[in-house]
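To keep things clear, I will list the structure first and then write my remarks on it.
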Amino acid sequence: MNPISERIVPDIGGLPPVARGDNPRYNDVVDKLVSPDATQEQRDQAYDLVAGIEKRDQVCYTDEALTEKAAQALADDRTIPVNVSEVAPLVPPGTVLGPFASSDAAATAMMGYSNPLSIAANRENGGLVFRDPNNGQFYVSTPMPGTLDGFDPSQVPQPAGLDVFACYHGHADYSKADGTRTDAAGDEFDSNNFSPQDKRVAEGGYWGDVIYVSTPNGSFRKYDAGNNQDTRLN
Ligand SMILES: [Zn+2]
């Protein structure tokens with residue numbers, strides 16, 4: 001039913017074809033959404049992916065709509081490193097982003113985005129880190145909401161073909177037990193550290209044997225139940 005080919009067909013007799021990378025709108029979207037760590041080849045792939053959206057849909061989207069569709073397409077593609085802080089707000093909670101070279105890199109990148117949200121809302125949030133057994137690359141899901149004093153990883157979608165490697169969560173703001181915001185001295189949750197329950201989750205291996213937490217003082221911590229090491233990552 002769809003007559004539009006994904007293949008670029010040379011336009012004989014028309015205007016010369018626009019060379020790859022020449023459309024400034026598409027370049028702007030790539031610059032915004034693709035990580036500076038991406039290779040030139042990956043940037044070219046991203047450009048083709050963005051260009052393909054309007055070609056496929058036969059629509060000239062607003063810049064905003066195109067950027068949103070490109071964010072979802074990059075997330076679905078899973079081969080091009082993205083700017084997490086730009087892509088994460090444009091895709092649904094629980095969307096997997098990547099690739100990353102390590103679990104720590106994946107979790108750190110996402111917590112850089114999710115921790116300020118957790119503190120601002122004074123609610124925990126979190127997600128899962130995944131490993132692709134076929135290429136050894138890591139992926140991390142965009143944050144889903146938790147409560148004042150907990151986050152349930154079982155709500156996080158688990159894409160087929162990816163193994164759960166770890167979970168991450170944010171400890172919200174310093175609070176009294178009733179949820180009233182306070183300062184570090186008045187905090188009744190020991191929010192800058194893992195809770196005993198957090199460590200039990202890793203030791204049980206329910207979501208991998210590694211757990212990450214982001215905290216009100218801006219620290220990112222990792223607890224690895226494999227060696228009982230509790231370390232600060234930033
Ligand atoms: Zn916790």
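Going through the structure tokens in order, the chains are called A, B, and so on, while each chain numbers its residues from 1 and the ligands are numbered from 1 in the order shown.
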Find the residues around Asp63 of chain A up to 10 Å (only C-alpha atoms counted), leave out those fewer than 4 positions away in its own chain, and share them as a list in words. Arg25, Tyr26, Asp28, Val29, Thr67, Glu68 and Lys69 of chain A
Can you tell me which residues sit at most 12 Å away from ligand 1, counting only C-alpha atoms and all ligand atoms, written as JSON, numbers by chain? {"A": [123, 124, 125, 126, 146, 147, 148, 149, 150, 151, 152, 153, 167, 168, 169, 170, 171, 172, 189, 190, 191, 192, 193, 194, 195, 196, 197, 198, 199, 200, 201, 202, 211, 212, 213, 214, 215, 216, 220, 221, 222, 223]}
Need to verify the contact set: Asn217 of chain A, 10 Å, only C-alpha atoms, exclusion of same-chain residues closer than 4 positions in sequence. Can you return it as a VMD selection string? chain A and resid 115 119 173 to 174 184 191 to 192
Serialized selection, C-alpha atoms, as a CSV table (one decimal), in the first residue's frame:
```csv
chain,number,residue,atom,x,y,z
A,115,ASN,CA,18.9,12.6,39.1
A,119,ILE,CA,15.4,15.7,43.2
A,173,ASP,CA,15.7,15.1,47.8
A,174,TYR,CA,16.7,15.2,51.4
A,184,ALA,CA,21.3,17.1,54.6
A,191,SER,CA,19.7,9.6,51.0
A,192,ASN,CA,23.4,9.9,50.0
```
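Note that DSSP on the backbone gives strand (DSSP E or B) to these residues of segment 54-202 of chain A: Val82, Val96, Leu97, Gly98, Pro99, Phe100, Asn125, Gly126, Gly127, Leu128, Val129, Phe130, Arg131, Phe138, Tyr139, Val140, Ser141, Met144, Pro145, Asp163, Val164, Phe165, Ala166, Cys167, Tyr168, His169, Gly170, Ser175 and Arg181 of chain A.
Of the listed residues (A:Cys60, A:Val87, A:Val140, A:Ala71), A:Val140 comes nearest to Ala101 of chain A; the distances count only C-alpha atoms.
Nearest to Ser118 of chain A of all the residues A:Thr231, A:Glu54, A:Gly218, A:Leu33 is A:Gly218, counting only C-alpha atoms.
The space between atom CA of Val34 of chain A and atom CA of Val84 of chain A spans 8.7 Å.
Interatomic distance, atom CA of Ile80 of chain A against atom CA of Leu233 of chain A: 24.2 Å.
Nearest residue to Pro89 of chain A among A:Ser141, A:Thr180, A:Gln58, A:Ser35 is A:Ser141, counting only C-alpha atoms.
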Leu162 of chain A surroundings by only C-alpha atoms, 12 Å radius, close-in-sequence under 3 positions cut, as a VMD selection string: chain A and resid 78 96 98 to 99 128 to 141 157 to 159 165 to 166
Of the candidates A:Leu97, A:Ala107, A:Ala120, A:Leu74, which shows the shortest atom-to-atom distance to Asp48 of chain A, using only C-alpha atoms? A:Leu74
